[in-house]
Structure formats: C-alpha cells, structure tokens
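Dumped entry08.txt below, it's compact mmCIF, C-alpha atoms and all ligand atoms:
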```txt
# COMPACT_ATOMS: atom_id res chain seq x y z
CA MET Q 1 -29.34 145.03 17.37
CA ILE Q 2 -30.17 141.89 19.36
CA THR Q 3 -31.48 142.58 22.88
CA PRO Q 4 -31.13 140.08 25.76
CA GLU Q 5 -34.90 139.48 25.64
CA ASN Q 6 -34.97 138.13 22.11
CA SER Q 7 -31.66 136.32 22.06
CA THR Q 8 -31.51 134.71 25.50
CA ASP Q 9 -32.14 131.18 24.23
CA THR Q 10 -29.52 131.43 21.50
CA LEU Q 11 -27.03 133.05 23.88
CA PHE Q 12 -27.65 130.42 26.54
CA ASN Q 13 -27.51 127.44 24.18
CA THR Q 14 -24.29 128.76 22.66
CA CYS Q 15 -22.82 129.26 26.14
CA LEU Q 16 -23.79 125.73 27.26
CA PHE Q 17 -22.61 124.14 24.03
CA ALA Q 18 -19.24 125.92 24.11
CA ALA Q 19 -18.61 125.04 27.79
CA GLN Q 20 -19.54 121.41 27.27
CA CYS Q 21 -17.49 120.97 24.05
CA ALA Q 22 -14.43 122.53 25.67
CA GLY Q 23 -15.00 120.56 28.89
CA LYS Q 24 -15.24 117.28 27.00
CA TYR Q 25 -12.04 118.07 25.11
CA VAL Q 26 -10.17 119.04 28.30
CA TYR Q 27 -11.37 115.88 30.06
CA ASN Q 28 -10.24 113.67 27.15
CA ARG Q 29 -6.77 115.20 27.44
CA PHE Q 30 -6.62 114.78 31.23
CA ASN Q 31 -3.76 112.51 32.36
CA GLN Q 32 -2.29 112.49 28.81
CA ALA Q 33 1.14 113.91 27.95
CA VAL Q 34 0.90 117.68 27.65
CA THR Q 35 3.37 120.46 26.82
CA VAL Q 36 3.61 122.98 29.64
CA ASP Q 37 4.69 126.60 29.12
CA TYR Q 38 5.25 129.18 31.84
CA LYS Q 39 3.49 132.55 31.99
CA GLY Q 40 5.37 133.24 35.24
CA LYS Q 41 7.59 131.29 37.67
CA THR Q 42 4.69 129.02 38.75
CA ASN Q 43 1.94 130.14 36.37
CA LEU Q 44 1.39 127.27 33.94
CA VAL Q 45 -0.35 127.14 30.57
CA THR Q 46 -0.70 124.13 28.28
CA GLN Q 47 -1.70 123.54 24.68
CA VAL Q 48 -4.98 122.21 26.13
CA ASP Q 49 -5.79 125.69 27.56
CA HIS Q 50 -5.11 127.20 24.12
CA LYS Q 51 -7.04 124.60 22.13
CA ALA Q 52 -10.07 124.74 24.48
CA GLU Q 53 -10.10 128.54 24.14
CA GLU Q 54 -9.90 128.35 20.32
CA MET Q 55 -12.83 125.93 20.34
CA ILE Q 56 -14.98 128.22 22.51
CA ILE Q 57 -14.17 131.33 20.49
CA SER Q 58 -14.93 129.62 17.20
CA ILE Q 59 -18.33 128.37 18.50
CA ILE Q 60 -19.22 131.90 19.66
CA ARG Q 61 -18.00 133.60 16.48
CA ASP Q 62 -20.04 131.24 14.29
CA VAL Q 63 -23.24 132.44 15.97
CA PHE Q 64 -22.31 135.98 17.08
CA PRO Q 65 -19.54 137.23 14.77
CA ASP Q 66 -19.70 140.83 16.08
CA HIS Q 67 -19.63 140.17 19.87
CA ARG Q 68 -16.65 141.27 21.95
CA ILE Q 69 -14.57 138.50 23.56
CA LEU Q 70 -12.25 138.64 26.56
CA ALA Q 71 -10.50 135.28 26.94
CA GLU Q 72 -7.60 134.47 29.25
CA GLU Q 73 -5.11 133.25 26.67
CA SER Q 74 -5.75 135.63 23.73
CA PRO Q 75 -5.79 139.36 23.01
CA GLU Q 76 -9.24 140.88 23.61
CA LEU Q 77 -11.52 140.98 20.54
CA VAL Q 78 -13.13 144.40 20.54
CA SER Q 79 -16.10 145.89 18.67
CA ASP Q 80 -18.95 148.23 19.53
CA SER Q 81 -21.31 145.35 20.39
CA PRO Q 82 -23.07 145.66 23.80
CA TYR Q 83 -22.21 141.98 24.38
CA ARG Q 84 -18.90 140.72 25.74
CA TRP Q 85 -18.02 137.08 26.39
CA ILE Q 86 -15.61 136.43 29.26
CA ILE Q 87 -13.85 133.08 29.05
CA ASP Q 88 -11.57 130.94 31.20
CA PRO Q 89 -11.01 127.88 29.00
CA LEU Q 90 -9.40 125.87 31.80
CA ASP Q 91 -9.68 127.10 35.37
CA GLY Q 92 -7.39 124.95 37.50
CA THR Q 93 -4.50 124.43 35.08
CA THR Q 94 -2.08 123.52 37.89
CA ASN Q 95 -4.45 120.75 39.05
CA PHE Q 96 -4.89 119.60 35.43
CA VAL Q 97 -1.13 119.35 34.90
CA HIS Q 98 -0.64 117.39 38.14
CA GLY Q 99 -3.50 114.94 37.55
CA VAL Q 100 -5.79 116.44 40.20
CA PRO Q 101 -9.41 116.21 38.98
CA ILE Q 102 -10.51 119.69 40.05
CA PHE Q 103 -10.80 122.05 37.08
CA SER Q 104 -13.52 123.69 35.03
CA VAL Q 105 -14.47 125.74 31.99
CA SER Q 106 -16.01 129.13 32.79
CA ILE Q 107 -17.94 131.28 30.30
CA ALA Q 108 -19.94 134.43 31.05
CA VAL Q 109 -21.79 136.90 28.83
CA GLU Q 110 -21.97 140.59 29.67
CA TYR Q 111 -24.66 142.83 28.24
CA GLN Q 112 -24.03 146.59 28.50
CA ASN Q 113 -21.18 145.98 30.98
CA GLU Q 114 -23.15 143.79 33.39
CA VAL Q 115 -22.80 140.04 33.68
CA TYR Q 116 -26.02 138.65 32.23
CA MET Q 117 -25.32 134.92 31.96
CA GLY Q 118 -22.78 132.45 33.30
CA VAL Q 119 -21.92 128.79 32.85
CA VAL Q 120 -19.24 126.78 34.66
CA TYR Q 121 -18.69 123.16 33.63
CA ASP Q 122 -16.84 120.57 35.73
CA PRO Q 123 -16.13 117.78 33.25
CA CYS Q 124 -14.78 115.35 35.88
CA ARG Q 125 -18.13 115.24 37.69
CA GLN Q 126 -20.28 116.29 34.75
CA GLU Q 127 -21.63 119.14 36.82
CA LEU Q 128 -22.96 122.03 34.76
CA PHE Q 129 -23.60 125.20 36.78
CA SER Q 130 -25.57 127.94 35.06
CA ALA Q 131 -27.38 131.20 35.71
CA ILE Q 132 -29.20 133.89 33.77
CA LYS Q 133 -29.72 137.22 35.52
CA GLY Q 134 -33.15 137.29 37.18
CA HIS Q 135 -33.83 133.59 36.48
CA GLY Q 136 -32.05 131.77 39.32
CA ALA Q 137 -29.07 129.43 39.43
CA TYR Q 138 -28.95 125.78 38.39
CA LEU Q 139 -26.80 122.69 38.79
CA ASN Q 140 -27.56 120.50 35.81
CA LYS Q 141 -31.34 121.05 35.67
CA GLU Q 142 -31.95 121.51 39.43
CA ALA Q 143 -32.33 124.95 41.01
CA ILE Q 144 -29.66 125.66 43.65
CA ARG Q 145 -29.55 127.95 46.69
CA VAL Q 146 -26.77 129.14 48.96
CA SER Q 147 -26.52 127.54 52.41
CA ALA Q 148 -28.38 128.68 55.50
CA THR Q 149 -25.25 128.50 57.70
CA PRO Q 150 -25.78 131.32 60.20
CA SER Q 151 -22.28 132.15 61.46
CA LEU Q 152 -18.60 131.95 60.58
CA ILE Q 153 -17.86 129.45 63.36
CA LYS Q 154 -20.32 127.01 61.71
CA SER Q 155 -19.03 127.62 58.18
CA LEU Q 156 -16.80 125.90 55.65
CA THR Q 157 -15.12 128.44 53.37
CA ALA Q 158 -12.70 128.37 50.45
CA THR Q 159 -9.96 130.59 49.10
CA GLY Q 160 -7.03 130.61 46.68
CA PHE Q 161 -3.68 132.30 46.27
CA PRO Q 162 -2.12 134.17 43.34
CA TYR Q 163 0.80 132.62 41.45
CA GLU Q 164 3.15 135.46 42.32
CA THR Q 165 4.03 135.59 46.01
CA ASP Q 166 3.89 139.36 45.90
CA ALA Q 167 3.02 142.13 48.35
CA ILE Q 168 -0.25 140.45 49.26
CA PHE Q 169 1.41 137.17 50.32
CA ASP Q 170 1.80 137.96 54.04
CA ALA Q 171 -1.71 139.39 54.26
CA ASN Q 172 -3.04 136.26 52.55
CA MET Q 173 -1.33 133.97 55.05
CA LYS Q 174 -2.64 136.03 58.00
CA ILE Q 175 -6.18 136.07 56.62
CA PHE Q 176 -6.09 132.32 56.00
CA ARG Q 177 -4.97 131.73 59.59
CA ALA Q 178 -7.61 134.06 61.04
CA VAL Q 179 -10.51 132.55 59.08
CA TYR Q 180 -9.26 129.02 59.78
CA LYS Q 181 -9.30 129.70 63.53
CA LYS Q 182 -12.83 131.12 63.44
CA SER Q 183 -14.53 128.56 61.16
CA GLN Q 184 -14.92 124.82 60.60
CA GLY Q 185 -12.25 124.91 57.90
CA VAL Q 186 -10.88 126.59 54.79
CA ARG Q 187 -10.43 124.69 51.50
CA ARG Q 188 -8.08 125.57 48.65
CA GLY Q 189 -9.43 123.60 45.70
CA GLY Q 190 -7.49 125.29 42.86
CA SER Q 191 -10.38 126.37 40.61
CA ALA Q 192 -11.86 129.71 41.68
CA ALA Q 193 -14.79 129.30 39.26
CA LEU Q 194 -15.75 126.02 40.95
CA ASP Q 195 -15.21 127.46 44.45
CA LEU Q 196 -17.77 130.15 43.61
CA CYS Q 197 -20.22 127.59 42.21
CA TYR Q 198 -19.84 125.56 45.41
CA VAL Q 199 -20.92 128.64 47.38
CA ALA Q 200 -23.92 128.98 45.03
CA ALA Q 201 -24.79 125.31 45.61
CA GLY Q 202 -24.52 125.61 49.41
CA ARG Q 203 -21.45 123.33 49.66
CA PHE Q 204 -19.23 126.18 50.82
CA ASP Q 205 -20.57 129.08 52.87
CA GLY Q 206 -18.08 131.67 51.65
CA PHE Q 207 -15.11 132.36 49.38
CA TRP Q 208 -12.54 135.11 49.02
CA GLU Q 209 -9.41 135.62 46.94
CA PHE Q 210 -7.13 138.45 45.88
CA SER Q 211 -5.62 139.08 42.44
CA LEU Q 212 -8.21 137.11 40.48
CA ASN Q 213 -9.11 138.17 36.94
CA PRO Q 214 -12.53 138.78 35.33
CA TRP Q 215 -12.51 135.33 33.63
CA ASP Q 216 -12.04 133.56 37.01
CA VAL Q 217 -15.13 135.11 38.61
CA ALA Q 218 -17.61 136.49 36.05
CA ALA Q 219 -19.79 133.36 35.75
CA GLY Q 220 -19.40 132.15 39.37
CA ALA Q 221 -20.26 135.53 40.90
CA LEU Q 222 -23.55 135.66 38.95
CA LEU Q 223 -24.33 132.11 40.07
CA ILE Q 224 -23.98 133.13 43.73
CA MET Q 225 -26.14 136.23 43.34
CA GLU Q 226 -28.81 134.22 41.52
CA ALA Q 227 -28.65 131.54 44.24
CA GLY Q 228 -29.47 134.16 46.91
CA GLY Q 229 -25.92 134.92 48.09
CA LYS Q 230 -23.91 138.12 48.35
CA VAL Q 231 -20.87 139.15 46.31
CA GLU Q 232 -18.84 142.25 47.11
CA ASP Q 233 -15.28 143.40 47.17
CA VAL Q 234 -13.29 143.52 50.38
CA TYR Q 235 -14.37 147.17 50.93
CA GLY Q 236 -18.07 146.30 50.72
CA GLN Q 237 -18.56 147.58 47.15
CA PRO Q 238 -21.06 145.55 45.10
CA PHE Q 239 -19.44 143.03 42.76
CA SER Q 240 -18.30 144.26 39.37
CA ILE Q 241 -15.79 143.03 36.83
CA GLN Q 242 -13.56 145.98 37.86
CA ASN Q 243 -13.26 144.78 41.49
CA ALA Q 244 -12.97 141.05 40.67
CA SER Q 245 -9.43 141.14 42.07
CA ARG Q 246 -10.59 141.41 45.70
CA ILE Q 247 -13.75 139.35 45.85
CA VAL Q 248 -15.62 138.26 48.98
CA ALA Q 249 -18.64 136.04 48.25
CA THR Q 250 -20.90 134.31 50.75
CA ASN Q 251 -24.32 132.90 51.56
CA GLY Q 252 -25.20 136.40 52.87
CA LYS Q 253 -25.56 135.24 56.47
CA ILE Q 254 -21.84 135.08 57.28
CA HIS Q 255 -21.00 138.01 55.00
CA CYS Q 256 -20.37 140.78 57.53
CA GLU Q 257 -18.31 138.57 59.82
CA LEU Q 258 -16.12 137.17 57.04
CA LYS Q 259 -15.71 140.46 55.18
CA GLN Q 260 -14.82 142.37 58.34
CA LEU Q 261 -12.18 139.85 59.39
CA ILE Q 262 -10.58 139.92 55.93
CA GLU Q 263 -10.82 143.68 55.52
CA ASN Q 264 -9.15 144.43 58.87
CA ILE Q 265 -6.08 142.37 58.02
CA TYR Q 266 -5.99 143.39 54.33
CA HIS Q 267 -6.16 147.06 55.25
CA LYS Q 268 -3.28 146.83 57.73
CA GLU Q 269 -1.00 144.60 55.64
CA LYS Q 270 -1.35 145.55 52.00
C1 LIG H 301 -6.40 129.89 38.88
C2 LIG H 301 -7.40 129.14 39.72
C3 LIG H 301 -6.98 129.10 41.18
C4 LIG H 301 -6.75 130.48 41.74
C5 LIG H 301 -5.74 131.23 40.88
C6 LIG H 301 -6.25 131.28 39.43
P1 LIG H 301 -6.04 129.23 36.31
O1 LIG H 301 -6.81 129.99 37.53
O2 LIG H 301 -8.68 129.72 39.64
O3 LIG H 301 -7.95 128.49 42.00
O4 LIG H 301 -6.29 130.38 43.05
O5 LIG H 301 -5.58 132.51 41.40
O6 LIG H 301 -5.36 132.02 38.64
O7 LIG H 301 -4.70 129.89 36.15
O8 LIG H 301 -5.94 127.80 36.63
O9 LIG H 301 -6.95 129.54 35.15
CA CA H 302 -8.57 130.91 36.13
CA CA H 303 -7.24 129.41 32.96
```

Would you kindly transcribe this structure into structure tokens?
Amino acid sequence: MITPENSTDTLFNTCLFAAQCAGKYVYNRFNQAVTVDYKGKTNLVTQVDHKAEEMIISIIRDVFPDHRILAEESPELVSDSPYRWIIDPLDGTTNFVHGVPIFSVSIAVEYQNEVYMGVVYDPCRQELFSAIKGHGAYLNKEAIRVSATPSLIKSLTATGFPYETDAIFDANMKIFRAVYKKSQGVRRGGSAALDLCYVAAGRFDGFWEFSLNPWDVAAGALLIMEAGGKVEDVYGQPFSIQNASRIVATNGKIHCELKQLIENIYHKEK
C-alpha cells in the first residue's frame, strides 16, 4: 500500500497535471458554442463539464487505478483504497455559460478520510492554488497567507447561493443583508472554490455558503487552513467533508464575529 509519505510527489504532480490539463481545455472552450443541459431549474451543466471530468479521471486512473473517485458529474468510483479524489471539473458553470471569466477546476485528495492535498486552477488568470497538509499554501510558486484584517467592519467577505431557492433562501437573504451592513462589502463571484482560495490568499477575509457539496470545498478549505485561516461549520464544528454544506471560513481574526452573526440568523430561520 502506498502511504502519503512515499507517494506525495506523484500524487501532487498528478493533481497539478490533471487540474492544468482540464483548465486549459475549459479555457479553450470558453466563449465557444456549448450545449447546455439542466440538472435543475437553474442548475446548468455542459459537455465541457463532462469532458473536463473525463480528462481528470483518466489522468488519475492511469497513475492510480485503484483509488476511489468522487466527481461531481459521475457516479462515485469506490474501492477499499485509503485514497479518494474529490473533483469539481468546472466550478462556476453559470459564469462559464454566460461568458463571465470566473471559474475554476478543483481537485482534492483525501487520505484515510482527511483532505491531504488540494489544487484549484483558475485558467483565465493562470492562477494555480495548491496545498499539501502540513506544508503550507501556495499561489503559483509563492507561499500565501490569510489577511490580517482584525474585525468584520474592516473586512471584505464573499458568499454564494444554492441553485434551488429552497427553505434556506430567506435565511440566506437575511444573512447577506446583516453581513453587508457590518462589513466593507460582500462579493458573490460564482465559484466557491475560488472564493475559498481568495480567503487563503488574503484577498477576502471570510466566506460562507450553505448547501455546497464536497467537490466545491475540499481543496479550498485545505488551502485556507494551510494559509493560517480557520474553517468550521456554522455551529463551530471543525471542517470536514460531512459538514461542507454549511461552511464558514475566515482569516481567523474575524471568525467569531462572522460565525456568530450567521449562526444567530440561520438558527432562527432554517
Ligand atoms: C457552484 C459555484 C457557486 C456556488 C454554487 C455552486 P458549480 O458550483 O461554486 O459559486 O454558489 O452553490 O454549486 O455548479 O458551478 O460547479
Ligand atoms: Ca461547484
Ligand atoms: Ca461543477
């Protein structure tokens, strides 16, 4: 059995290669005619999502044929391997379809149920975010750190909203309003993986979103933790793939203030 110690380079190179190949492909198809299908009323998927995912899976399977794979657009590939790859082949599909250049490819590797490595690639800006547990976070080859912003009122945060305007919709609108009033602004970029990387890089001071999936957050959450930030769920539980659907991630300094504000409204409304 391969352990993380003796396969880190191969894992990492495979992760980087897959993210960059898929990113290049997605970028080449940007602003070209594309067939759009609907997974829900406003939840889009294109043949570019599918093709990028096939590319990533085939690169991984060539090197690690027995690893488990959880990818957004395909049934989970299961085995008894301690490794699991978690893939969002195109995070920001709505932006991609509308010609908005904010989207990314996100790939993480779990070892024994903990995220061990993560890569997020923004092909429009050629920004490659990466982290290996215990080894820091990087943008291209430079180490990155979360911001030093000390309070919510001095912060710039980001969020996103689920496709279905379900039970959480009213709470989401109230939380957005509350954070907006108590900060320097809230952005809604449309790629949760990039939002998280922007927290890791100190561009945003915090991020939260409800109803996200493991593939949206696995890589970005590790980047924030490796960049010195804090990632929890809205109840203050440490980040895990199981609570990805209610993530609150910050530079650490604004964490209590932001989490408390969100939790109070979420608790009352949901
Ligand atoms: C979406 C993006 C968006 C977030 C949505 C996600 P997709 O992922 O990350 O920012 O607000 O909740 O579903 O569908 O483009 O992969
Ligand atoms: Ca996504
Ligand atoms: Ca996606």

Please give me, as a PDB file with C-alpha atoms, keeping the file's coordinate frame, the residues lying within 10 Å of ligand LIG 301 (chain H) when counting all atoms listed in the file.
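As written to disk, out-v2.pdb reads:
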```
ATOM      1  CA  LYS Q  39       3.490 132.550  31.990  1.00  0.00           C
ATOM      2  CA  THR Q  42       4.690 129.020  38.750  1.00  0.00           C
ATOM      3  CA  ASN Q  43       1.940 130.140  36.370  1.00  0.00           C
ATOM      4  CA  LEU Q  44       1.390 127.270  33.940  1.00  0.00           C
ATOM      5  CA  VAL Q  45      -0.350 127.140  30.570  1.00  0.00           C
ATOM      6  CA  ASP Q  49      -5.790 125.690  27.560  1.00  0.00           C
ATOM      7  CA  GLU Q  72      -7.600 134.470  29.250  1.00  0.00           C
ATOM      8  CA  GLU Q  73      -5.110 133.250  26.670  1.00  0.00           C
ATOM      9  CA  ILE Q  87     -13.850 133.080  29.050  1.00  0.00           C
ATOM     10  CA  ASP Q  88     -11.570 130.940  31.200  1.00  0.00           C
ATOM     11  CA  PRO Q  89     -11.010 127.880  29.000  1.00  0.00           C
ATOM     12  CA  LEU Q  90      -9.400 125.870  31.800  1.00  0.00           C
ATOM     13  CA  ASP Q  91      -9.680 127.100  35.370  1.00  0.00           C
ATOM     14  CA  GLY Q  92      -7.390 124.950  37.500  1.00  0.00           C
ATOM     15  CA  THR Q  93      -4.500 124.430  35.080  1.00  0.00           C
ATOM     16  CA  THR Q  94      -2.080 123.520  37.890  1.00  0.00           C
ATOM     17  CA  ASN Q  95      -4.450 120.750  39.050  1.00  0.00           C
ATOM     18  CA  PHE Q  96      -4.890 119.600  35.430  1.00  0.00           C
ATOM     19  CA  VAL Q  97      -1.130 119.350  34.900  1.00  0.00           C
ATOM     20  CA  ILE Q 102     -10.510 119.690  40.050  1.00  0.00           C
ATOM     21  CA  PHE Q 103     -10.800 122.050  37.080  1.00  0.00           C
ATOM     22  CA  SER Q 104     -13.520 123.690  35.030  1.00  0.00           C
ATOM     23  CA  VAL Q 105     -14.470 125.740  31.990  1.00  0.00           C
ATOM     24  CA  SER Q 106     -16.010 129.130  32.790  1.00  0.00           C
ATOM     25  CA  ALA Q 158     -12.700 128.370  50.450  1.00  0.00           C
ATOM     26  CA  THR Q 159      -9.960 130.590  49.100  1.00  0.00           C
ATOM     27  CA  GLY Q 160      -7.030 130.610  46.680  1.00  0.00           C
ATOM     28  CA  PHE Q 161      -3.680 132.300  46.270  1.00  0.00           C
ATOM     29  CA  PRO Q 162      -2.120 134.170  43.340  1.00  0.00           C
ATOM     30  CA  TYR Q 163       0.800 132.620  41.450  1.00  0.00           C
ATOM     31  CA  GLU Q 164       3.150 135.460  42.320  1.00  0.00           C
ATOM     32  CA  ARG Q 188      -8.080 125.570  48.650  1.00  0.00           C
ATOM     33  CA  GLY Q 189      -9.430 123.600  45.700  1.00  0.00           C
ATOM     34  CA  GLY Q 190      -7.490 125.290  42.860  1.00  0.00           C
ATOM     35  CA  SER Q 191     -10.380 126.370  40.610  1.00  0.00           C
ATOM     36  CA  ALA Q 192     -11.860 129.710  41.680  1.00  0.00           C
ATOM     37  CA  ALA Q 193     -14.790 129.300  39.260  1.00  0.00           C
ATOM     38  CA  LEU Q 194     -15.750 126.020  40.950  1.00  0.00           C
ATOM     39  CA  ASP Q 195     -15.210 127.460  44.450  1.00  0.00           C
ATOM     40  CA  LEU Q 196     -17.770 130.150  43.610  1.00  0.00           C
ATOM     41  CA  TRP Q 208     -12.540 135.110  49.020  1.00  0.00           C
ATOM     42  CA  GLU Q 209      -9.410 135.620  46.940  1.00  0.00           C
ATOM     43  CA  PHE Q 210      -7.130 138.450  45.880  1.00  0.00           C
ATOM     44  CA  SER Q 211      -5.620 139.080  42.440  1.00  0.00           C
ATOM     45  CA  LEU Q 212      -8.210 137.110  40.480  1.00  0.00           C
ATOM     46  CA  ASN Q 213      -9.110 138.170  36.940  1.00  0.00           C
ATOM     47  CA  TRP Q 215     -12.510 135.330  33.630  1.00  0.00           C
ATOM     48  CA  ASP Q 216     -12.040 133.560  37.010  1.00  0.00           C
ATOM     49  CA  VAL Q 217     -15.130 135.110  38.610  1.00  0.00           C
ATOM     50  CA  SER Q 245      -9.430 141.140  42.070  1.00  0.00           C
TER      51      SER Q 245
END
```

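Minimum distance to Ser7 in chain Q across Q:Tyr111, Q:Glu54, Q:Pro101, Q:Pro150 (counting all atoms listed in the file) occurs at Q:Tyr111.
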
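Take the candidates Q:Glu269, Q:Glu76, Q:Glu263, Q:Glu226 and check each one against Ile132 in chain Q using all atoms listed in the file; the shortest distance goes to Q:Glu226.
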
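You will find CA of Thr35 in chain Q at 15.9 Å from CA of Glu53 in chain Q.
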
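Minimum atom-to-atom distances from Q:Gly185, Q:Gly134, Q:Gly99, Q:Pro214 to ligand CA 303 (chain H) were compared using all atoms listed in the file, and the lowest value belongs to Q:Pro214.
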
Exercise. Can you list, as a ChimeraX atom specification, every protein, DNA or RNA residue that comes within 10 Å of Ala143 in chain Q when you count only C-alpha atoms, leaving out same-chain residues fewer than 3 positions away?
Worked result: /Q:129-131,135-140,201,226-227

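Counting only C-alpha atoms and all ligand atoms and comparing Q:Lys268, Q:His50, Q:Lys253, Q:Lys133, the residue that lies closest to ligand CA 303 (chain H) is Q:His50.
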
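Closest approach to ligand CA 302 (chain H) among Q:Ala178, Q:Leu11, Q:Ala218, Q:Ile57 is made by Q:Ala218 (distances from only C-alpha atoms and all ligand atoms).
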
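Of the residues under consideration (Q:Ala244, Q:Met225, Q:Val234, Q:Thr14), Q:Ala244 shows the shortest atom-to-atom contact distance to ligand CA 302 (chain H) when counting all atoms listed in the file.
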
For this session: Excluding Ser147 in chain Q and residues on its chain fewer than 2 positions from it, collect all residues at most 7 Å away from it, counting only C-alpha atoms, and give them as JSON, numbers by chain.
Result: {"Q": [145, 149, 202, 205, 251]}

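One finds CA of Ile254 in chain Q at 9.3 Å from CA of Ala148 in chain Q.
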
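The list of residues with at least one atom within 9 Å of Leu16 in chain Q, based on all atoms listed in the file and without residues fewer than 5 positions apart in the same chain, reads Leu11, Cys21, Ile107, Val119, Val120, Tyr121, Leu128 and Ser130 of chain Q.
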
For this session: For Ile60 in chain Q, list every protein, DNA or RNA residue within 12 Å, evaluated using only C-alpha atoms, and leave out those in the same chain fewer than 5 positions away; present the list as an MDAnalysis selection string.
Result: chainID Q and resid 10:19 21 53:55 65:71 77 83:87 107:109

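When CA of Leu152 in chain Q is paired with CA of Tyr235 in chain Q, their separation reads 18.5 Å.
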